[in-house]
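Peer 1: My file is work_13.csv. It has CSV, C-alpha atoms and all ligand atoms:
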```
chain,number,residue,atom,x,y,z
A,1,MET,CA,109.5,130.4,105.8
A,2,ALA,CA,111.3,129.8,109.1
A,3,ARG,CA,114.7,130.0,110.7
A,4,ILE,CA,115.4,126.4,111.7
A,5,GLY,CA,118.4,125.1,113.6
A,6,PHE,CA,119.4,121.5,113.7
A,7,LEU,CA,121.3,120.4,116.9
A,8,GLY,CA,123.3,117.4,115.7
A,9,THR,CA,124.2,117.0,112.1
A,10,GLY,CA,124.0,113.2,111.8
A,11,GLU,CA,122.1,110.8,109.6
A,12,ILE,CA,118.6,111.9,110.3
A,13,ALA,CA,119.4,115.6,110.4
A,14,ALA,CA,120.8,115.4,106.9
A,15,VAL,CA,117.6,113.7,105.7
A,16,LEU,CA,115.5,116.5,107.2
A,17,VAL,CA,117.7,119.3,105.8
A,18,GLU,CA,117.6,117.7,102.3
A,19,THR,CA,113.8,117.4,102.6
A,20,LEU,CA,113.4,121.1,103.7
A,21,ALA,CA,115.9,122.6,101.3
A,22,GLY,CA,114.7,124.8,98.5
A,23,GLN,CA,111.6,126.0,100.3
A,24,GLY,CA,112.9,129.4,101.4
A,25,HIS,CA,113.8,128.5,105.0
A,26,GLU,CA,117.1,129.6,106.7
A,27,ILE,CA,118.8,126.5,108.0
A,28,LEU,CA,121.5,126.3,110.7
A,29,VAL,CA,123.4,123.1,111.4
A,30,SER,CA,125.8,122.2,114.2
A,31,THR,CA,129.5,122.4,113.7
A,32,ARG,CA,129.9,118.8,114.9
A,33,ASN,CA,130.3,116.2,112.1
A,34,ALA,CA,132.1,118.9,110.2
A,35,ASP,CA,132.3,116.9,106.9
A,36,ARG,CA,128.5,116.4,106.8
A,37,ALA,CA,127.8,120.0,107.8
A,38,GLN,CA,130.2,121.3,105.1
A,39,ASP,CA,128.6,119.0,102.5
A,40,LEU,CA,125.1,120.3,103.4
A,41,CYS,CA,126.4,123.9,103.1
A,42,GLU,CA,127.9,123.3,99.7
A,43,ARG,CA,124.8,121.6,98.4
A,44,PHE,CA,122.2,124.1,99.7
A,45,PRO,CA,122.8,127.9,99.8
A,46,GLU,CA,120.3,128.4,102.6
A,47,VAL,CA,122.4,126.2,105.0
A,48,ARG,CA,125.0,127.7,107.4
A,49,VAL,CA,127.2,126.0,110.0
A,50,CYS,CA,127.0,127.4,113.5
A,51,ALA,CA,128.2,126.6,117.1
A,52,ASN,CA,125.4,125.2,119.3
A,53,LYS,CA,124.8,128.4,121.3
A,54,ALA,CA,124.6,130.7,118.2
A,55,LEU,CA,122.4,128.1,116.5
A,56,VAL,CA,119.8,128.1,119.3
A,57,ALA,CA,120.0,131.9,119.6
A,58,GLY,CA,119.5,132.3,115.9
A,59,SER,CA,116.6,129.9,115.4
A,60,GLU,CA,112.8,130.2,115.7
A,61,LEU,CA,112.5,126.4,115.6
A,62,VAL,CA,115.1,124.1,117.0
A,63,VAL,CA,115.1,120.4,115.8
A,64,VAL,CA,117.0,118.2,118.2
A,65,CYS,CA,118.8,115.4,116.3
A,66,LEU,CA,121.2,114.2,119.0
A,67,LEU,CA,121.8,111.0,120.8
A,68,PRO,CA,120.0,111.1,124.1
A,69,PRO,CA,123.1,111.1,126.4
A,70,VAL,CA,124.6,114.0,124.5
A,71,ALA,CA,121.2,115.8,124.6
A,72,ARG,CA,121.0,115.4,128.4
A,73,GLN,CA,124.6,116.7,128.6
A,74,ILE,CA,124.3,119.9,126.5
A,75,LEU,CA,120.6,121.1,126.2
A,76,GLY,CA,120.5,122.7,129.6
A,77,SER,CA,123.4,125.0,128.8
A,78,LEU,CA,121.9,126.4,125.6
A,79,PRO,CA,120.0,129.8,125.4
A,80,PHE,CA,116.4,128.7,124.7
A,81,ARG,CA,113.7,131.4,124.8
A,82,ALA,CA,110.1,131.4,125.7
A,83,GLU,CA,108.9,132.3,122.2
A,84,GLN,CA,110.9,129.4,120.6
A,85,ARG,CA,109.6,126.1,119.4
A,86,LEU,CA,111.4,122.8,119.8
A,87,VAL,CA,110.9,119.5,117.9
A,88,SER,CA,112.9,116.4,119.0
A,89,VAL,CA,113.5,113.2,116.9
A,90,MET,CA,115.0,111.4,119.8
A,91,THR,CA,113.5,108.1,121.1
A,92,ASP,CA,114.3,108.1,124.8
A,93,ILE,CA,113.5,111.6,126.0
A,94,SER,CA,109.9,112.6,126.8
A,95,CYS,CA,108.3,116.0,126.1
A,96,ALA,CA,108.3,116.7,129.8
A,97,GLU,CA,112.0,116.1,130.2
A,98,LEU,CA,112.7,118.2,127.1
A,99,ALA,CA,110.7,121.1,128.4
A,100,THR,CA,112.7,120.9,131.7
A,101,LEU,CA,116.1,120.6,129.9
A,102,CYS,CA,115.3,123.4,127.4
A,103,ALA,CA,113.3,125.8,129.8
A,104,PRO,CA,111.9,128.3,129.1
A,105,VAL,CA,111.3,127.1,125.5
A,106,GLY,CA,107.7,127.8,124.4
A,107,SER,CA,106.6,124.5,122.9
A,108,VAL,CA,107.9,121.0,122.6
A,109,ALA,CA,106.9,118.2,120.2
A,110,ARG,CA,108.4,114.9,119.2
A,111,MET,CA,108.3,113.2,115.8
A,112,ILE,CA,109.6,110.1,114.1
A,113,PRO,CA,111.2,110.9,110.8
A,114,LEU,CA,112.6,108.1,108.7
A,115,PRO,CA,115.5,108.0,106.2
A,116,THR,CA,112.9,107.4,103.5
A,117,LEU,CA,111.2,110.8,104.2
A,118,LYS,CA,112.5,112.4,101.0
A,119,GLY,CA,110.7,109.8,98.8
A,120,GLY,CA,107.3,111.3,99.9
A,121,GLN,CA,105.7,108.0,101.0
A,122,SER,CA,107.1,107.8,104.5
A,123,PRO,CA,104.9,108.1,107.6
A,124,LEU,CA,105.8,111.0,110.0
A,125,ALA,CA,104.3,110.3,113.4
A,126,CYS,CA,104.3,113.1,115.9
A,127,TYR,CA,103.1,114.1,119.3
A,128,PRO,CA,101.4,116.5,119.9
A,129,ASP,CA,99.9,117.5,116.6
A,130,HIS,CA,102.1,120.5,115.8
A,131,PRO,CA,101.6,123.3,113.4
A,132,ASP,CA,105.3,123.5,112.5
A,133,ILE,CA,105.5,119.8,111.6
A,134,ARG,CA,102.3,120.1,109.5
A,135,ARG,CA,103.6,123.3,107.8
A,136,LEU,CA,107.1,121.9,107.1
A,137,PHE,CA,106.3,118.4,106.0
A,138,ALA,CA,102.7,118.6,104.5
A,139,GLY,CA,102.8,117.0,101.1
A,140,GLN,CA,106.1,115.3,101.8
A,141,ALA,CA,105.0,112.6,104.3
A,142,LEU,CA,101.9,111.0,105.8
A,143,ILE,CA,101.7,113.1,109.0
A,144,LEU,CA,100.3,110.9,111.8
A,145,PRO,CA,99.7,112.8,115.1
A,146,THR,CA,99.2,110.4,118.0
A,147,PRO,CA,96.6,110.9,120.8
A,148,ASP,CA,99.3,110.7,123.5
A,149,GLU,CA,103.0,110.2,124.0
A,150,ALA,CA,102.7,106.5,124.9
A,151,ALA,CA,101.2,106.0,121.4
A,152,LEU,CA,104.1,107.9,119.8
A,153,ASN,CA,106.5,105.6,121.8
A,154,SER,CA,104.7,102.5,120.5
A,155,LEU,CA,105.3,103.7,116.9
A,156,PHE,CA,109.0,104.4,117.7
A,157,VAL,CA,109.1,100.8,119.0
A,158,ALA,CA,107.3,99.4,115.9
A,159,SER,CA,109.9,101.2,113.7
A,160,ALA,CA,112.5,99.0,115.3
A,161,LEU,CA,111.0,96.1,113.2
A,162,LEU,CA,113.0,97.4,110.3
A,163,LEU,CA,116.3,95.9,111.1
A,164,PRO,CA,115.0,92.5,112.3
A,165,VAL,CA,112.8,92.2,109.1
A,166,LEU,CA,115.7,93.2,106.9
A,167,ASP,CA,118.0,90.7,108.8
A,168,GLN,CA,115.5,88.0,107.7
A,169,LEU,CA,115.4,89.1,104.1
A,170,ASP,CA,119.2,89.3,104.1
A,171,ALA,CA,119.5,85.7,105.5
A,172,ALA,CA,117.0,84.6,102.8
A,173,ALA,CA,119.0,86.4,100.1
A,174,HIS,CA,122.2,84.7,101.2
A,175,TRP,CA,120.5,81.3,101.1
A,176,LEU,CA,119.0,82.1,97.7
A,177,SER,CA,122.1,83.5,96.1
A,178,GLY,CA,123.9,80.2,96.7
A,179,ARG,CA,121.3,78.4,94.7
A,180,ILE,CA,120.8,80.8,91.8
A,181,GLY,CA,124.4,82.1,91.5
A,182,GLY,CA,124.2,85.8,92.3
A,183,GLU,CA,123.5,87.9,95.4
A,184,ARG,CA,122.2,90.8,93.4
A,185,VAL,CA,119.6,88.7,91.6
A,186,ALA,CA,118.6,87.2,94.9
A,187,GLU,CA,118.2,90.6,96.5
A,188,GLN,CA,116.3,92.0,93.5
A,189,TYR,CA,113.9,89.0,93.5
A,190,LEU,CA,113.1,89.5,97.2
A,191,ILE,CA,112.8,93.3,96.9
A,192,ARG,CA,110.4,93.0,94.0
A,193,LEU,CA,108.5,90.2,95.7
A,194,PHE,CA,107.9,92.3,98.9
A,195,GLY,CA,107.6,95.6,97.0
A,196,SER,CA,104.7,94.3,95.0
A,197,TYR,CA,102.9,93.1,98.1
A,198,PHE,CA,103.6,96.3,100.0
A,199,ASP,CA,102.3,98.4,97.0
A,200,ARG,CA,99.2,96.3,97.1
A,201,LEU,CA,98.8,96.7,100.8
A,202,ALA,CA,99.1,100.5,100.5
A,203,GLN,CA,96.4,100.8,97.9
A,204,ASP,CA,93.2,102.6,98.6
A,205,PRO,CA,91.1,100.7,99.7
A,206,ALA,CA,93.8,98.6,101.3
A,207,PRO,CA,93.1,94.8,101.5
A,208,GLY,CA,94.6,94.6,105.0
A,209,PHE,CA,97.1,92.2,106.4
A,210,ASN,CA,94.5,89.5,107.2
A,211,THR,CA,93.1,89.3,103.6
A,212,VAL,CA,96.6,89.0,102.1
A,213,ARG,CA,97.6,86.5,104.8
A,214,ALA,CA,94.5,84.4,104.1
A,215,GLU,CA,95.4,84.4,100.4
A,216,LEU,CA,98.9,83.1,101.1
A,217,ASN,CA,97.8,80.6,103.7
A,218,THR,CA,97.0,77.7,101.3
A,219,GLU,CA,96.6,74.4,103.3
A,220,GLY,CA,99.9,72.5,103.1
A,221,GLY,CA,101.4,75.2,100.8
A,222,LEU,CA,105.0,76.5,101.0
A,223,ASN,CA,104.0,79.7,102.7
A,224,GLN,CA,101.9,78.0,105.3
A,225,THR,CA,104.5,75.3,106.0
A,226,LEU,CA,107.3,77.9,106.6
A,227,SER,CA,105.1,80.1,108.6
A,228,LYS,CA,104.1,77.2,110.9
A,229,ARG,CA,107.7,76.2,111.3
A,230,MET,CA,108.6,79.7,112.5
A,231,ALA,CA,105.6,79.8,114.7
A,232,GLU,CA,106.6,76.5,116.3
A,233,ALA,CA,110.0,78.0,117.0
A,234,GLY,CA,108.3,80.8,118.9
A,235,THR,CA,109.2,83.6,116.4
A,236,PRO,CA,106.0,85.6,116.9
A,237,GLU,CA,106.3,85.5,120.7
A,238,ILE,CA,109.9,86.5,120.6
A,239,LEU,CA,109.0,89.5,118.4
A,240,VAL,CA,106.2,90.7,120.7
A,241,GLU,CA,108.4,90.1,123.8
A,242,GLY,CA,111.1,92.2,122.2
A,243,LEU,CA,108.6,95.0,121.4
A,244,GLU,CA,107.4,94.9,125.0
A,245,ILE,CA,111.0,95.2,126.3
A,246,LEU,CA,111.6,98.3,124.1
A,247,MET,CA,108.2,99.8,125.2
A,248,HIS,CA,109.3,99.3,128.8
A,249,ARG,CA,112.6,101.1,128.1
A,250,LEU,CA,110.8,104.1,126.6
A,251,LYS,CA,108.3,104.3,129.4
A,252,ALA,CA,111.1,104.2,131.9
A,253,ALA,CA,113.0,106.9,130.1
A,301,LIG,N1,118.8,107.6,111.9
A,301,LIG,C1,117.5,107.4,111.9
A,301,LIG,O1,117.0,106.7,111.0
A,301,LIG,C2,116.6,108.0,112.9
A,301,LIG,C3,115.3,108.0,112.8
A,301,LIG,C4,114.4,108.6,113.7
A,301,LIG,C5,115.0,109.1,114.9
A,301,LIG,N2,116.4,109.1,115.1
A,301,LIG,C6,117.0,109.6,116.3
A,301,LIG,O2,117.7,110.8,115.9
A,301,LIG,C7,118.8,110.9,116.8
A,301,LIG,C8,120.1,111.1,115.9
A,301,LIG,O3,120.2,109.9,115.2
A,301,LIG,P1,121.3,109.8,114.0
A,301,LIG,O4,121.1,108.5,113.4
A,301,LIG,O5,121.2,111.0,113.1
A,301,LIG,O6,122.6,109.8,114.8
A,301,LIG,P2,124.1,110.3,114.3
A,301,LIG,O7,124.2,110.1,112.9
A,301,LIG,O8,125.0,109.6,115.3
A,301,LIG,O9,124.0,111.8,114.7
A,301,LIG,C9,124.2,112.4,115.9
A,301,LIG,C10,125.0,113.7,115.7
A,301,LIG,O10,125.2,114.4,116.9
A,301,LIG,C11,126.4,115.0,116.8
A,301,LIG,N3,126.9,115.5,118.1
A,301,LIG,C12,127.5,114.8,119.1
A,301,LIG,N4,127.8,115.6,120.1
A,301,LIG,C13,127.4,116.8,119.8
A,301,LIG,C14,127.4,118.1,120.4
A,301,LIG,N5,127.9,118.3,121.6
A,301,LIG,N6,126.8,119.2,119.7
A,301,LIG,C15,126.2,119.0,118.5
A,301,LIG,N7,126.2,117.8,117.9
A,301,LIG,C16,126.8,116.8,118.5
A,301,LIG,C17,127.3,114.0,116.2
A,301,LIG,O11,128.5,114.6,115.7
A,301,LIG,P3,129.9,113.8,115.6
A,301,LIG,O12,129.7,112.8,114.5
A,301,LIG,O13,130.9,114.8,115.4
A,301,LIG,O14,130.0,113.0,117.0
A,301,LIG,C18,126.4,113.3,115.2
A,301,LIG,O15,126.6,114.0,113.9
A,301,LIG,C19,118.8,109.7,117.7
A,301,LIG,O16,118.3,110.1,119.0
A,301,LIG,C20,117.9,108.7,117.0
A,301,LIG,O17,117.3,107.9,117.9
A,301,LIG,C21,117.2,108.5,114.1
```
In structure tokens, write the structure found in this file.

Peer 2:
Amino acid sequence: MARIGFLGTGEIAAVLVETLAGQGHEILVSTRNADRAQDLCERFPEVRVCANKALVAGSELVVVCLLPPVARQILGSLPFRAEQRLVSVMTDISCAELATLCAPVGSVARMIPLPTLKGGQSPLACYPDHPDIRRLFAGQALILPTPDEAALNSLFVASALLLPVLDQLDAAAHWLSGRIGGERVAEQYLIRLFGSYFDRLAQDPAPGFNTVRAELNTEGGLNQTLSKRMAEAGTPEILVEGLEILMHRLKAA
């Protein structure tokens, strides 16, 4: 049981509060985004809304769920204490910068929660390996501590694949719906198609990407033909180049 304060009551804070609710914690959320804060209060009796200073003063563990420019603007003025722990979910601010902004806070960690956290299947990468993160989310996510902060940043960057991959599925769904007469059916087909492959890839023992790719790579087959067409257009190189640009941005932060 812990007193946990969430600075920033946005999308990801709501997911974390929903995941932690019902486990005996006292939860404080920022007054900003008043409708969402109020909604969390109404749904969960352990949630209270609080101004930022009172939230930090009243928490053992502070979870920072702000956008980086806001964090840089406000964290330095909040009353952090040496015995307090801080976990940040922000991409662009390092542990060292957080420790400076939130001095004299006792410990700092970063983690990458995903909106799918509540489903129980989501990875939860963190640096460093942190007892609070293990205690709070054990059994609710696959906790993946990284050996250093650069590795955590690489996983943050890899998580940016979600929208580009969904963009491609969406483009395919539009193309398909025109031919089969229904967007919903087209989406469902693609969701089941990929869901069944991801289920298989997540099995233990997992076949691995290369095994499944080899199975799909029939000489002259539809999958191979489309894959070659996209390779010729430079798609894999553009993807890796984009990942490198993001990595550079996080390193520079
Ligand atoms: N969303 C995700 O899937 C996800 C996953 C992993 C990590 N993250 C990281 O989590 C952070 C938050 O992302 P998000 O998607 O939750 O963003 P978001 O929905 O925009 O949430 C940010 C929240 O900060 C609030 N805020 C602004 N100024 C504030 C202040 N002075 N004091 C307290 N709260 C203030 C905003 O309130 P108002 O609405 O009133 O402005 C908003 O509710 C980002 O750094 C993001 O990179 C997000």

Peer 1: Between A:Gly76, A:Leu86, A:Glu18, A:Ala252, which has the minimum distance to A:Pro131 (counting all atoms listed in the file)?

Peer 2: A:Leu86

Peer 1: Counting all atoms listed in the file, which residues of chain A fall within 6 Å of ligand LIG 301 (chain A), and what is the closest atom pair for each with its distance in Å at one decimal, ordered by chain and rising number, as JSON lines?

Peer 2:
```
{"residue": "A:Leu7", "atom": "CA", "partner": "A:LIG301", "partner_atom": "C15", "distance": 5.3}
{"residue": "A:Gly8", "atom": "CA", "partner": "A:LIG301", "partner_atom": "N7", "distance": 3.7}
{"residue": "A:Thr9", "atom": "CA", "partner": "A:LIG301", "partner_atom": "O15", "distance": 4.2}
{"residue": "A:Gly10", "atom": "CA", "partner": "A:LIG301", "partner_atom": "O9", "distance": 3.2}
{"residue": "A:Glu11", "atom": "CA", "partner": "A:LIG301", "partner_atom": "O5", "distance": 3.6}
{"residue": "A:Ile12", "atom": "CA", "partner": "A:LIG301", "partner_atom": "O5", "distance": 3.9}
{"residue": "A:Ala13", "atom": "CA", "partner": "A:LIG301", "partner_atom": "O5", "distance": 5.6}
{"residue": "A:Ser30", "atom": "CA", "partner": "A:LIG301", "partner_atom": "C15", "distance": 5.4}
{"residue": "A:Arg32", "atom": "CA", "partner": "A:LIG301", "partner_atom": "O13", "distance": 4.2}
{"residue": "A:Asn33", "atom": "CA", "partner": "A:LIG301", "partner_atom": "O13", "distance": 3.6}
{"residue": "A:Cys65", "atom": "CA", "partner": "A:LIG301", "partner_atom": "C8", "distance": 4.5}
{"residue": "A:Leu66", "atom": "CA", "partner": "A:LIG301", "partner_atom": "C8", "distance": 4.5}
{"residue": "A:Leu67", "atom": "CA", "partner": "A:LIG301", "partner_atom": "O16", "distance": 4.0}
{"residue": "A:Pro68", "atom": "CA", "partner": "A:LIG301", "partner_atom": "O16", "distance": 5.5}
{"residue": "A:Val70", "atom": "CA", "partner": "A:LIG301", "partner_atom": "N4", "distance": 5.7}
{"residue": "A:Val89", "atom": "CA", "partner": "A:LIG301", "partner_atom": "C5", "distance": 4.8}
{"residue": "A:Met90", "atom": "CA", "partner": "A:LIG301", "partner_atom": "O16", "distance": 3.6}
{"residue": "A:Thr91", "atom": "CA", "partner": "A:LIG301", "partner_atom": "O17", "distance": 5.0}
{"residue": "A:Ile112", "atom": "CA", "partner": "A:LIG301", "partner_atom": "C4", "distance": 5.0}
{"residue": "A:Pro113", "atom": "CA", "partner": "A:LIG301", "partner_atom": "C4", "distance": 4.9}
{"residue": "A:Leu114", "atom": "CA", "partner": "A:LIG301", "partner_atom": "C3", "distance": 4.9}
{"residue": "A:Pro115", "atom": "CA", "partner": "A:LIG301", "partner_atom": "O1", "distance": 5.2}
```

Peer 1: Which residue, A:Ala96, A:Thr116, A:Gly5, A:Asp35, has the smallest gap to A:Val63 when you use only C-alpha atoms?

Peer 2: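 Looking at the shortest contact to A:Val63, the residue is A:Gly5.
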
Peer 1: Between atom CA of A:Leu28 and atom CA of A:Lys118, what distance in Å does the model show, to one decimal?

Peer 2: 19.2 Å

Peer 1: What residues have an atom no more than 10 Å from (104.6, 132.3, 123.3) in the file's own frame, counting only C-alpha atoms, and can you write them as a PyMOL selection string?

Peer 2: chain A and resi 81-85+105-107

Peer 1: Out of A:Arg213, A:Ala172, A:Ala141, A:Ala233, which residue has the shortest atom-to-atom distance to A:Leu201 when counting only C-alpha atoms?

Peer 2: A:Arg213

Peer 1: Suppose you want the space between atom CA of A:His25 and atom CA of A:Leu155; what is it in Å?

Peer 2: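 Here the two named atoms are 28.8 Å from each other.
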
Peer 1: Counting only C-alpha atoms, what is within 10 Å of A:Leu40, bar same-chain residues fewer than 3 positions away, as a list in words?

Peer 2: Thr9, Ala14, Val17, Glu18, Ala21, Ile27, Val29, Ala34, Asp35, Arg36, Ala37, Arg43, Phe44, Pro45, Glu46, Val47, Arg48 and Val49 of chain A

Peer 1: Take the residues from that selection and write them out as a compact mmCIF listing (two decimals), in the frame of the given file, keeping C-alpha atoms.

Peer 2:
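Wrote it out as part.txt, contents follow:
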```txt
# COMPACT_ATOMS: atom_id res chain seq x y z
CA THR A 9 124.20 117.00 112.10
CA ALA A 14 120.80 115.40 106.90
CA VAL A 17 117.70 119.30 105.80
CA GLU A 18 117.60 117.70 102.30
CA ALA A 21 115.90 122.60 101.30
CA ILE A 27 118.80 126.50 108.00
CA VAL A 29 123.40 123.10 111.40
CA ALA A 34 132.10 118.90 110.20
CA ASP A 35 132.30 116.90 106.90
CA ARG A 36 128.50 116.40 106.80
CA ALA A 37 127.80 120.00 107.80
CA ARG A 43 124.80 121.60 98.40
CA PHE A 44 122.20 124.10 99.70
CA PRO A 45 122.80 127.90 99.80
CA GLU A 46 120.30 128.40 102.60
CA VAL A 47 122.40 126.20 105.00
CA ARG A 48 125.00 127.70 107.40
CA VAL A 49 127.20 126.00 110.00
```

Peer 1: Which residue, A:Pro69, A:Leu136, A:Glu60, A:Leu75, has the smallest gap to A:Thr19 when you use all atoms listed in the file?

Peer 2: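 Result for the nearest residue to A:Thr19: A:Leu136.
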
Peer 1: How many Å separate atom CA of A:Gly182 from atom CA of A:Ser196?

Peer 2: 21.4 Å

Peer 1: Can you build me a table of stretch 27-94 of chain A residues sitting at most 12 Å from stretch 145-150 of chain A, with the closest atom pair per residue and its distance in Å to one decimal, using only C-alpha atoms, sorted by chain and residue number, as CSV?

Peer 2:
```
residue,atom,partner,partner_atom,distance
A:Thr91,CA,A:Glu149,CA,11.1
A:Asp92,CA,A:Glu149,CA,11.5
A:Ile93,CA,A:Glu149,CA,10.8
A:Ser94,CA,A:Glu149,CA,7.8
```
